[in-house]
>>> print(open('final12.txt').read())   # compact mmCIF, C-alpha atoms and all ligand atoms
# COMPACT_ATOMS: atom_id res chain seq x y z
CA MET A 28 45.96 24.02 -119.69
CA ALA A 29 48.00 25.95 -122.16
CA SER A 30 51.74 25.53 -121.99
CA VAL A 31 51.88 21.81 -122.04
CA PRO A 32 49.45 20.90 -124.79
CA PHE A 33 50.77 23.79 -126.86
CA THR A 34 54.23 22.39 -126.49
CA LYS A 35 53.37 18.83 -127.28
CA PRO A 36 52.25 19.11 -130.92
CA LEU A 37 55.46 20.90 -131.75
CA LEU A 38 57.46 18.41 -129.77
CA ALA A 39 55.95 15.44 -131.55
CA THR A 40 56.56 17.05 -134.91
CA LEU A 41 60.10 17.96 -134.07
CA ILE A 42 60.81 14.39 -133.05
CA ALA A 43 59.24 12.97 -136.19
CA ALA A 44 61.07 15.45 -138.38
CA ALA A 45 64.42 14.92 -136.71
CA ALA A 46 63.97 11.17 -136.88
CA GLY A 47 63.49 11.43 -140.62
CA ALA A 48 59.80 10.71 -140.99
CA CYS A 49 58.34 12.01 -144.23
CA ALA A 50 55.50 14.48 -144.53
CA ALA A 51 52.40 13.01 -146.09
CA ALA A 52 50.90 14.75 -149.10
CA SER A 53 47.75 15.53 -147.19
CA ALA A 54 46.67 15.12 -143.58
CA PRO A 55 44.19 12.32 -142.88
CA ALA A 56 40.73 13.32 -141.68
CA SER A 57 41.43 12.01 -138.18
CA PRO A 58 44.78 11.35 -136.52
CA ASP A 59 46.26 7.98 -137.40
CA LEU A 60 46.86 6.75 -133.85
CA ALA A 61 48.15 3.38 -135.05
CA ARG A 62 51.27 5.09 -136.35
CA ARG A 63 52.41 6.30 -132.94
CA GLN A 64 55.94 5.44 -131.85
CA ALA A 65 56.62 4.47 -128.24
CA GLN A 66 59.67 6.71 -128.03
CA VAL A 67 57.70 9.78 -129.05
CA ASP A 68 54.93 8.96 -126.58
CA LYS A 69 57.58 8.66 -123.88
CA ILE A 70 59.11 12.02 -124.68
CA VAL A 71 55.75 13.79 -124.92
CA GLY A 72 54.73 12.18 -121.61
CA ASP A 73 57.92 13.32 -119.88
CA ILE A 74 57.19 17.02 -120.47
CA SER A 75 56.56 18.52 -117.03
CA PRO A 76 54.04 21.34 -116.50
CA GLN A 77 55.56 21.88 -113.05
CA ARG A 78 59.01 22.55 -114.51
CA ILE A 79 57.53 24.84 -117.17
CA GLU A 80 55.70 26.84 -114.50
CA ALA A 81 58.85 27.03 -112.35
CA HIS A 82 60.86 28.29 -115.33
CA VAL A 83 58.26 30.95 -116.16
CA ARG A 84 58.21 32.18 -112.55
CA LYS A 85 62.02 32.21 -112.38
CA LEU A 86 62.22 34.29 -115.58
CA VAL A 87 59.59 36.71 -114.24
CA GLY A 88 61.71 37.01 -111.07
CA PHE A 89 64.42 38.90 -112.98
CA LYS A 90 61.97 41.89 -112.93
CA THR A 91 62.80 42.92 -116.47
CA ARG A 92 64.49 41.10 -119.32
CA HIS A 93 64.52 44.15 -121.54
CA THR A 94 67.35 43.86 -124.08
CA MET A 95 69.02 47.06 -122.80
CA SER A 96 68.48 46.27 -119.11
CA ASP A 97 71.16 45.55 -116.48
CA THR A 98 73.68 42.87 -117.44
CA VAL A 99 75.85 43.00 -114.29
CA SER A 100 73.40 42.18 -111.50
CA GLU A 101 73.04 38.53 -110.51
CA THR A 102 69.35 38.97 -109.71
CA VAL A 103 67.82 41.58 -112.01
CA GLY A 104 67.94 42.18 -115.75
CA ILE A 105 68.65 40.35 -118.96
CA GLY A 106 72.26 39.43 -118.10
CA ALA A 107 71.22 37.45 -115.03
CA ALA A 108 68.38 35.88 -117.02
CA ARG A 109 70.59 34.57 -119.81
CA ARG A 110 73.24 33.26 -117.42
CA TRP A 111 70.51 31.36 -115.57
CA ILE A 112 69.06 29.91 -118.81
CA LYS A 113 72.53 28.78 -119.93
CA ALA A 114 73.37 27.23 -116.55
CA GLU A 115 70.05 25.42 -116.45
CA LEU A 116 70.53 23.98 -119.95
CA GLU A 117 74.09 22.94 -119.08
CA ARG A 118 72.89 21.26 -115.90
CA CYS A 119 70.16 19.23 -117.56
CA GLY A 120 72.36 18.50 -120.59
CA ALA A 121 75.05 17.04 -118.33
CA ALA A 122 72.44 14.97 -116.48
CA ALA A 123 71.20 13.65 -119.84
CA GLY A 124 74.59 12.29 -120.87
CA GLY A 125 76.50 15.39 -121.94
CA ARG A 126 75.57 15.59 -125.63
CA LEU A 127 73.72 18.93 -125.41
CA GLN A 128 76.15 21.69 -126.44
CA VAL A 129 75.24 24.99 -124.78
CA SER A 130 76.77 28.34 -125.69
CA PHE A 131 76.13 32.06 -126.04
CA ASP A 132 75.74 33.48 -129.54
CA SER A 133 76.61 37.14 -129.14
CA HIS A 134 76.92 40.24 -131.29
CA VAL A 135 76.80 44.00 -130.72
CA ALA A 136 73.84 45.74 -132.32
CA PRO A 137 74.42 49.35 -133.38
CA VAL A 138 71.99 52.16 -132.62
CA SER A 139 68.72 51.69 -134.49
CA ALA A 140 65.03 52.50 -134.12
CA ARG A 141 64.67 50.48 -130.91
CA ILE A 142 68.32 50.37 -129.74
CA SER A 143 69.46 53.66 -128.18
CA ARG A 144 73.11 52.67 -127.58
CA PRO A 145 75.30 49.88 -128.98
CA THR A 146 74.04 46.80 -127.16
CA GLU A 147 75.30 43.25 -126.84
CA ILE A 148 72.59 40.89 -128.08
CA VAL A 149 73.04 37.38 -126.70
CA ASN A 150 71.17 34.24 -127.75
CA VAL A 151 71.44 31.10 -125.61
CA VAL A 152 71.89 28.19 -128.01
CA ALA A 153 71.69 24.49 -127.08
CA THR A 154 72.55 22.10 -129.89
CA LEU A 155 71.72 18.39 -129.83
CA PRO A 156 73.86 16.88 -132.59
CA GLY A 157 72.27 14.34 -134.91
CA THR A 158 73.61 10.81 -134.67
CA GLN A 159 73.40 9.69 -138.30
CA ALA A 160 76.33 10.61 -140.52
CA ALA A 161 74.06 11.04 -143.51
CA SER A 162 71.61 13.37 -141.84
CA LYS A 163 73.27 15.16 -138.96
CA ASP A 164 73.82 18.22 -141.16
CA ARG A 165 70.01 18.45 -141.46
CA ILE A 166 69.00 21.00 -138.83
CA TYR A 167 65.76 21.97 -137.09
CA VAL A 168 65.58 25.10 -134.95
CA VAL A 169 63.08 25.70 -132.15
CA SER A 170 63.02 29.03 -130.34
CA GLY A 171 61.40 31.29 -127.79
CA HIS A 172 62.50 34.83 -126.94
CA TYR A 173 63.61 35.54 -123.40
CA ASP A 174 63.64 39.34 -123.62
CA SER A 175 60.58 41.27 -122.42
CA ARG A 176 59.07 44.75 -122.64
CA ASN A 177 56.43 46.95 -121.07
CA THR A 178 54.30 49.72 -122.59
CA ASP A 179 57.29 51.84 -123.64
CA VAL A 180 59.50 49.58 -125.74
CA MET A 181 62.53 51.73 -124.83
CA ASP A 182 62.00 51.46 -121.04
CA ALA A 183 64.93 49.30 -119.94
CA SER A 184 64.40 49.51 -116.18
CA GLY A 185 60.66 49.35 -115.42
CA ASP A 186 59.14 46.00 -114.48
CA ALA A 187 58.44 43.86 -117.54
CA PRO A 188 57.50 40.37 -116.28
CA GLY A 189 56.84 38.95 -119.75
CA ALA A 190 55.33 35.75 -118.34
CA ASN A 191 53.44 34.93 -121.51
CA ASP A 192 55.49 37.03 -123.94
CA ASP A 193 57.68 35.17 -123.96
CA ALA A 194 58.75 33.34 -120.81
CA SER A 195 56.13 30.80 -121.90
CA GLY A 196 57.98 30.04 -125.14
CA THR A 197 61.40 30.16 -123.46
CA ALA A 198 60.28 27.74 -120.74
CA ALA A 199 58.80 25.41 -123.36
CA VAL A 200 62.03 25.37 -125.37
CA MET A 201 64.12 24.74 -122.22
CA GLU A 202 61.85 21.85 -121.26
CA MET A 203 62.00 20.36 -124.76
CA ALA A 204 65.79 20.62 -124.78
CA CYS A 205 66.12 18.94 -121.39
CA VAL A 206 63.74 16.07 -122.18
CA MET A 207 64.94 15.47 -125.73
CA ALA A 208 68.63 15.56 -124.75
CA ARG A 209 68.10 12.11 -123.22
CA HIS A 210 67.33 10.69 -126.69
CA GLN A 211 69.06 10.33 -130.02
CA PHE A 212 67.87 11.75 -133.32
CA ASP A 213 69.16 11.38 -136.86
CA ALA A 214 69.13 15.13 -137.51
CA THR A 215 70.50 17.98 -135.42
CA ILE A 216 68.14 20.04 -133.25
CA VAL A 217 69.01 23.56 -132.14
CA PHE A 218 67.11 24.89 -129.13
CA MET A 219 67.37 28.67 -128.78
CA ALA A 220 66.38 31.30 -126.27
CA VAL A 221 66.85 34.47 -128.27
CA ALA A 222 67.14 38.13 -127.26
CA ALA A 223 65.94 41.42 -128.75
CA GLU A 224 62.76 40.10 -130.34
CA GLU A 225 60.98 43.17 -128.99
CA GLN A 226 63.70 45.49 -130.31
CA GLY A 227 63.31 44.29 -133.91
CA LEU A 228 63.92 40.52 -134.06
CA LEU A 229 67.65 41.20 -133.73
CA GLY A 230 68.79 37.99 -132.00
CA ALA A 231 66.95 35.68 -134.38
CA ALA A 232 68.09 37.72 -137.38
CA HIS A 233 71.73 37.40 -136.33
CA TRP A 234 71.53 33.61 -135.99
CA ALA A 235 69.56 33.24 -139.24
CA GLU A 236 72.08 35.38 -141.11
CA GLN A 237 74.98 33.27 -139.82
CA ALA A 238 73.09 30.15 -140.90
CA ARG A 239 72.66 31.58 -144.40
CA LEU A 240 76.32 32.61 -144.63
CA LYS A 241 77.38 29.11 -143.56
CA ASN A 242 74.82 27.68 -145.96
CA LEU A 243 73.39 25.48 -143.20
CA ASN A 244 70.94 22.82 -144.26
CA LEU A 245 68.12 24.21 -142.14
CA GLN A 246 64.98 22.23 -142.90
CA GLY A 247 62.59 23.89 -140.48
CA MET A 248 62.34 26.60 -137.84
CA PHE A 249 59.62 26.95 -135.18
CA THR A 250 59.15 29.91 -132.87
CA ASN A 251 56.99 29.64 -129.75
CA ASP A 252 55.80 33.12 -128.87
CA ILE A 253 52.88 33.82 -126.50
CA ILE A 254 51.84 30.21 -125.88
CA GLY A 255 51.03 30.43 -122.17
CA SER A 256 47.36 31.33 -121.81
CA SER A 257 44.14 29.84 -123.11
CA ARG A 258 41.93 32.72 -121.93
CA ALA A 259 40.68 35.36 -124.35
CA GLU A 260 40.11 39.02 -123.52
CA ASP A 261 36.38 38.37 -123.14
CA GLY A 262 36.96 35.49 -120.71
CA ARG A 263 36.41 32.59 -123.09
CA VAL A 264 38.76 29.66 -122.44
CA ASP A 265 39.98 27.52 -125.32
CA ASP A 266 42.65 25.04 -124.26
CA ARG A 267 42.05 22.64 -127.11
CA GLN A 268 43.99 24.33 -129.91
CA VAL A 269 47.05 26.32 -130.87
CA ARG A 270 47.46 28.62 -133.83
CA LEU A 271 50.27 27.84 -136.25
CA PHE A 272 51.12 30.63 -138.68
CA ALA A 273 52.44 29.56 -142.08
CA GLU A 274 53.18 31.90 -144.94
CA SER A 275 52.50 31.20 -148.58
CA ILE A 276 54.91 32.37 -151.25
CA PRO A 277 58.08 33.83 -149.71
CA ALA A 278 57.87 37.58 -150.25
CA THR A 279 61.63 38.01 -150.47
CA LYS A 280 61.94 35.62 -153.38
CA GLU A 281 59.22 37.46 -155.26
CA ASN A 282 60.78 37.15 -158.68
CA SER A 283 62.53 33.83 -158.30
CA GLU A 284 61.91 31.06 -160.80
CA SER A 285 60.40 28.85 -158.10
CA ASN A 286 57.93 31.53 -157.04
CA ARG A 287 56.95 32.23 -160.64
CA ALA A 288 56.33 28.51 -161.05
CA LEU A 289 54.14 28.44 -157.91
CA LEU A 290 52.10 31.37 -159.20
CA ALA A 291 51.82 29.96 -162.71
CA THR A 292 50.53 26.64 -161.44
CA GLY A 293 48.22 27.93 -158.69
CA GLY A 294 50.62 26.47 -156.17
CA GLU A 295 50.43 29.22 -153.56
CA ASN A 296 49.64 26.57 -150.96
CA ASP A 297 52.67 24.45 -151.86
CA SER A 298 55.36 26.56 -150.19
CA THR A 299 57.77 24.71 -147.92
CA SER A 300 56.37 26.51 -144.85
CA ARG A 301 52.81 25.43 -145.68
CA GLN A 302 53.94 21.84 -146.19
CA LEU A 303 55.84 21.91 -142.90
CA ALA A 304 52.68 23.24 -141.18
CA ARG A 305 50.59 20.38 -142.60
CA HIS A 306 53.18 17.98 -141.22
CA VAL A 307 53.01 19.62 -137.78
CA LYS A 308 49.23 19.28 -137.82
CA GLU A 309 49.29 15.64 -138.83
CA VAL A 310 51.97 14.51 -136.40
CA GLY A 311 51.03 16.80 -133.51
CA GLU A 312 47.39 15.77 -133.51
CA ARG A 313 48.42 12.11 -133.68
CA TYR A 314 50.32 12.37 -130.39
CA VAL A 315 47.97 14.76 -128.56
CA PRO A 316 44.46 13.45 -129.27
CA GLY A 317 41.68 16.00 -128.90
CA PHE A 318 44.04 18.89 -129.48
CA THR A 319 43.94 20.85 -132.74
CA VAL A 320 46.79 22.52 -134.57
CA ASN A 321 44.95 25.35 -136.31
CA VAL A 322 47.05 26.25 -139.35
CA ILE A 323 46.57 29.94 -140.11
CA GLN A 324 47.36 30.74 -143.73
CA ARG A 325 49.32 33.87 -142.92
CA ARG A 326 52.90 34.80 -142.15
CA ASP A 327 51.84 36.13 -138.70
CA ARG A 328 49.00 37.97 -137.01
CA TYR A 329 47.81 41.12 -138.79
CA LEU A 330 50.62 43.73 -138.73
CA ARG A 331 52.54 41.71 -136.13
CA GLY A 332 55.81 39.80 -136.40
CA GLY A 333 58.06 37.26 -134.75
CA ASP A 334 61.38 35.45 -134.80
CA HIS A 335 60.37 33.12 -137.64
CA MET A 336 60.42 36.08 -140.03
CA PRO A 337 64.21 36.54 -140.32
CA PHE A 338 64.36 32.85 -141.24
CA LEU A 339 61.60 33.20 -143.85
CA GLU A 340 63.40 36.22 -145.28
CA ARG A 341 66.47 34.06 -145.84
CA GLY A 342 64.54 31.37 -147.64
CA TYR A 343 64.07 28.87 -144.80
CA PRO A 344 60.72 27.24 -143.95
CA ALA A 345 59.61 28.75 -140.63
CA LEU A 346 56.45 28.75 -138.52
CA ARG A 347 55.01 30.50 -135.47
CA PHE A 348 53.06 28.90 -132.61
CA THR A 349 50.74 31.23 -130.64
CA GLU A 350 47.82 30.70 -128.26
CA PRO A 351 44.32 30.79 -129.83
CA ASN A 352 43.12 34.11 -128.35
CA GLU A 353 45.53 36.74 -127.07
CA ASP A 354 44.56 39.07 -124.21
CA PHE A 355 46.09 42.47 -124.81
CA ALA A 356 45.55 43.57 -121.20
CA HIS A 357 48.41 41.21 -120.40
CA GLN A 358 50.73 41.93 -123.32
CA HIS A 359 53.21 44.82 -123.73
CA GLN A 360 51.53 46.61 -120.79
CA ASN A 361 52.95 48.24 -117.67
CA VAL A 362 51.96 46.34 -114.55
CA ARG A 363 49.20 48.47 -113.02
CA LYS A 364 45.66 48.46 -111.74
CA GLU A 365 42.87 50.56 -113.23
CA GLY A 366 39.83 50.16 -111.02
CA THR A 367 39.52 46.42 -110.54
CA MET A 368 41.34 45.66 -113.79
CA GLN A 369 44.87 44.25 -113.45
CA TYR A 370 47.13 44.96 -116.42
CA GLY A 371 50.52 43.44 -117.13
CA ASP A 372 52.05 40.19 -118.37
CA LEU A 373 52.00 38.46 -114.97
CA PRO A 374 52.52 34.74 -114.33
CA GLU A 375 49.06 34.26 -112.79
CA PHE A 376 47.50 34.89 -116.20
CA ASN A 377 49.26 31.87 -117.71
CA ASP A 378 47.85 28.42 -117.18
CA TYR A 379 50.34 25.63 -116.73
CA ASN A 380 48.47 22.43 -116.25
CA THR A 381 46.17 20.47 -118.44
CA SER A 382 42.78 19.06 -117.70
CA ARG A 383 43.32 16.26 -120.21
CA ALA A 384 46.93 15.12 -120.32
ZN ZN B 401 56.82 37.89 -128.21
>>> encode(input="final12.txt", output="structure tokens", more="lines below")
Ligand SMILES: [Zn+2]
Amino acid sequence: MASVPFTKPLLATLIAAAAGACAAASAPASPDLARRQAQVDKIVGDISPQRIEAHVRKLVGFKTRHTMSDTVSETVGIGAARRWIKAELERCGAAAGGRLQVSFDSHVAPVSARISRPTEIVNVVATLPGTQAASKDRIYVVSGHYDSRNTDVMDASGDAPGANDDASGTAAVMEMACVMARHQFDATIVFMAVAAEEQGLLGAAHWAEQARLKNLNLQGMFTNDIIGSSRAEDGRVDDRQVRLFAESIPATKENSESNRALLATGGENDSTSRQLARHVKEVGERYVPGFTVNVIQRRDRYLRGGDHMPFLERGYPALRFTEPNEDFAHQHQNVRKEGTMQYGDLPEFNDYNTSRA
């Protein structure tokens, strides 16, 4: 139920954005199905829930993907996980015609609040270059984080399956990259599996900072974080919507002329992130009928954060996709049983298929 429909609205939007479609000033009351493009339908239809499930289970199989976990083993730890992600993207990129450029983006993070020794932080980055000379410098980024954690955020060796947080987002991004690599887009799309989200958004911050230093023309960033389950803590199932978090006025440009103008004109809802979110809603709902993109007028959940934030802090429009109702028994929890209650972010608590494709 969850992973696939949650992926599809983003996918449709990404395609429309990369192909150069314009955002409408306001979303129509109901999706304009007449405006669907066959190529987008094809891509959305090619997304495989079976592959997404297999990717999630493979990522869980590394036992822990904690950022400071083993990097030498071929079977356990974050090093093995990132080498597998890279190899998988290279394999499907080659099968799709060889245009997907896959590489590691690495830096060493010094000791900080959640890093106890200097640690190599490695993002896996797959770039699909745009094909139009005039617009290939226009870039869209889509990410999930492949690191995981358990109750103690500094525990680098205990099991941390991270099936939902965030193998679900990582698997979705890998699937998007593999399907979309078979097609051409005007703009450039960067698919990223990032590390160290749980240790302070370090992987995303490194890439975003490099983008700012290079003055990249980054027109939109989407993070997929905790998108794998439709079941709430109280057992309710809602597989007909995804939350999309969109901030208002960028906090870091508090005193800029553009922000003062937004405030002076009552334009708090006119930020680039809000406009991008309206575009996601319009395009996503057009290609996945019966599924709602629920735009939440906040930067993120209350007192929580994600990999879109380093992009927002550098002035880029950036959004976060998350399932409608999180279940905290299966998030940031050691795998354990208390009575009949199973805790832990295990793959059986994700749902992979959809009742209405
Ligand atoms: Zn997460």
>>> closest_atom_pairs(input="final12.txt", of="chain A", to="ligand ZN 401 (chain B)", cutoff="10 Å", atoms="all atoms listed in the file", output="tab-separated table")
residue	atom	partner	partner_atom	distance
A:Gly171	CA	B:ZN401	ZN	8.0
A:His172	CA	B:ZN401	ZN	6.6
A:Tyr173	CA	B:ZN401	ZN	8.6
A:Asp174	CA	B:ZN401	ZN	8.3
A:Ser175	CA	B:ZN401	ZN	7.7
A:Arg176	CA	B:ZN401	ZN	9.1
A:Gly189	CA	B:ZN401	ZN	8.5
A:Asn191	CA	B:ZN401	ZN	8.1
A:Asp192	CA	B:ZN401	ZN	4.6
A:Asp193	CA	B:ZN401	ZN	5.1
A:Ala194	CA	B:ZN401	ZN	8.9
A:Ser195	CA	B:ZN401	ZN	9.5
A:Gly196	CA	B:ZN401	ZN	8.5
A:Ala223	CA	B:ZN401	ZN	9.8
A:Glu224	CA	B:ZN401	ZN	6.7
A:Glu225	CA	B:ZN401	ZN	6.8
A:Leu228	CA	B:ZN401	ZN	9.6
A:Thr250	CA	B:ZN401	ZN	9.5
A:Asn251	CA	B:ZN401	ZN	8.4
A:Asp252	CA	B:ZN401	ZN	4.9
A:Ile253	CA	B:ZN401	ZN	5.9
A:Ile254	CA	B:ZN401	ZN	9.4
A:Arg331	CA	B:ZN401	ZN	9.8
A:Gly332	CA	B:ZN401	ZN	8.5
A:Gly333	CA	B:ZN401	ZN	6.7
A:Asp334	CA	B:ZN401	ZN	8.4
A:Thr349	CA	B:ZN401	ZN	9.3
A:Gln358	CA	B:ZN401	ZN	8.8
A:His359	CA	B:ZN401	ZN	9.0
>>> atom_distance(input="final12.txt", atom1="atom CA of A:Ala187", atom2="atom CA of A:Lys90")
6.1 Å
>>> closest_residue(input="final12.txt", among="A:Leu229, A:Arg63, A:Ala220, A:Arg92", to="A:Val138", atoms="only C-alpha atoms")
A:Leu229
>>> closest_residue(input="final12.txt", among="A:Ser256, A:Ser130, A:Ser184, A:Thr197", to="A:Tyr379", atoms="all atoms listed in the file")
A:Ser256
>>> residues_near_point(input="final12.txt", point="(68.3, 16.6, -122.8)", cutoff="12 Å", atoms="all atoms listed in the file", output="ChimeraX atom specification")
/A:70,73-74,115-129,153-156,200-212,216-218
>>> atom_distance(input="final12.txt", atom1="atom CA of A:Asp179", atom2="atom CA of A:Gly255")
22.4 Å
>>> closest_residue(input="final12.txt", among="A:His134, A:His335, A:Arg109, A:Lys69", to="A:Ser96", atoms="all atoms listed in the file")
A:Arg109
>>> closest_residue(input="final12.txt", among="A:Tyr343, A:Trp111, A:Phe338, A:Phe89", to="A:Leu303", atoms="all atoms listed in the file")
A:Tyr343
>>> closest_residue(input="final12.txt", among="A:Ser257, A:Ser170, A:Gln324, A:Gln64", to="A:Asp378", atoms="all atoms listed in the file")
A:Ser257
>>> closest_residue(input="final12.txt", among="A:Pro374, A:Thr91, A:Arg301, A:Ala259", to="A:Glu350", atoms="only C-alpha atoms")
A:Ala259
>>> atom_distance(input="final12.txt", atom1="atom CA of A:Ala235", atom2="atom CA of A:Val103")
28.5 Å
>>> residues_around(input="final12.txt", residues="A:Thr215", least_positions_apart="5", cutoff="7 Å", atoms="all atoms listed in the file", output="PyMOL selection string")
chain A and resi 45+155-157+163-167
>>> axis_aligned_box(input="final12.txt", around="stretch 315-325 of chain A", padding_each_side="4 Å", output="AutoDock Vina command-line options")
--center_x 45.5 --center_y 23.7 --center_z -136.1 --size_x 15.6 --size_y 28.4 --size_z 23.2
>>> build_atoms(input="final12.txt", residues="stretch 306-318 of chain A", atoms="N, CA and C atoms", output="PDB file, in the coordinates of the input")
ATOM      1  N   HIS A 306      52.509  19.074-141.923  1.00  0.00           N
ATOM      2  CA  HIS A 306      53.180  17.980-141.220  1.00  0.00           C
ATOM      3  C   HIS A 306      53.030  18.131-139.704  1.00  0.00           C
ATOM      4  N   VAL A 307      53.195  19.353-139.216  1.00  0.00           N
ATOM      5  CA  VAL A 307      53.010  19.620-137.780  1.00  0.00           C
ATOM      6  C   VAL A 307      51.604  19.204-137.369  1.00  0.00           C
ATOM      7  N   LYS A 308      50.630  19.591-138.162  1.00  0.00           N
ATOM      8  CA  LYS A 308      49.230  19.280-137.820  1.00  0.00           C
ATOM      9  C   LYS A 308      49.019  17.763-137.766  1.00  0.00           C
ATOM     10  N   GLU A 309      49.511  17.084-138.766  1.00  0.00           N
ATOM     11  CA  GLU A 309      49.290  15.640-138.830  1.00  0.00           C
ATOM     12  C   GLU A 309      49.966  14.927-137.650  1.00  0.00           C
ATOM     13  N   VAL A 310      51.224  15.225-137.438  1.00  0.00           N
ATOM     14  CA  VAL A 310      51.970  14.510-136.400  1.00  0.00           C
ATOM     15  C   VAL A 310      51.560  14.963-135.000  1.00  0.00           C
ATOM     16  N   GLY A 311      51.401  16.285-134.822  1.00  0.00           N
ATOM     17  CA  GLY A 311      51.030  16.800-133.510  1.00  0.00           C
ATOM     18  C   GLY A 311      49.704  16.257-133.036  1.00  0.00           C
ATOM     19  N   GLU A 312      48.715  16.243-133.910  1.00  0.00           N
ATOM     20  CA  GLU A 312      47.390  15.770-133.510  1.00  0.00           C
ATOM     21  C   GLU A 312      47.386  14.257-133.277  1.00  0.00           C
ATOM     22  N   ARG A 313      48.323  13.554-133.912  1.00  0.00           N
ATOM     23  CA  ARG A 313      48.420  12.110-133.680  1.00  0.00           C
ATOM     24  C   ARG A 313      48.856  11.809-132.248  1.00  0.00           C
ATOM     25  N   TYR A 314      49.750  12.641-131.716  1.00  0.00           N
ATOM     26  CA  TYR A 314      50.320  12.370-130.390  1.00  0.00           C
ATOM     27  C   TYR A 314      49.581  13.088-129.258  1.00  0.00           C
ATOM     28  N   VAL A 315      48.746  14.060-129.593  1.00  0.00           N
ATOM     29  CA  VAL A 315      47.970  14.760-128.560  1.00  0.00           C
ATOM     30  C   VAL A 315      46.501  14.729-128.978  1.00  0.00           C
ATOM     31  N   PRO A 316      45.840  13.582-128.808  1.00  0.00           N
ATOM     32  CA  PRO A 316      44.460  13.450-129.270  1.00  0.00           C
ATOM     33  C   PRO A 316      43.540  14.491-128.618  1.00  0.00           C
ATOM     34  N   GLY A 317      42.627  15.016-129.403  1.00  0.00           N
ATOM     35  CA  GLY A 317      41.680  16.000-128.900  1.00  0.00           C
ATOM     36  C   GLY A 317      42.219  17.425-128.931  1.00  0.00           C
ATOM     37  N   PHE A 318      43.422  17.567-129.414  1.00  0.00           N
ATOM     38  CA  PHE A 318      44.040  18.890-129.480  1.00  0.00           C
ATOM     39  C   PHE A 318      44.271  19.244-130.954  1.00  0.00           C
TER      40      PHE A 318
END
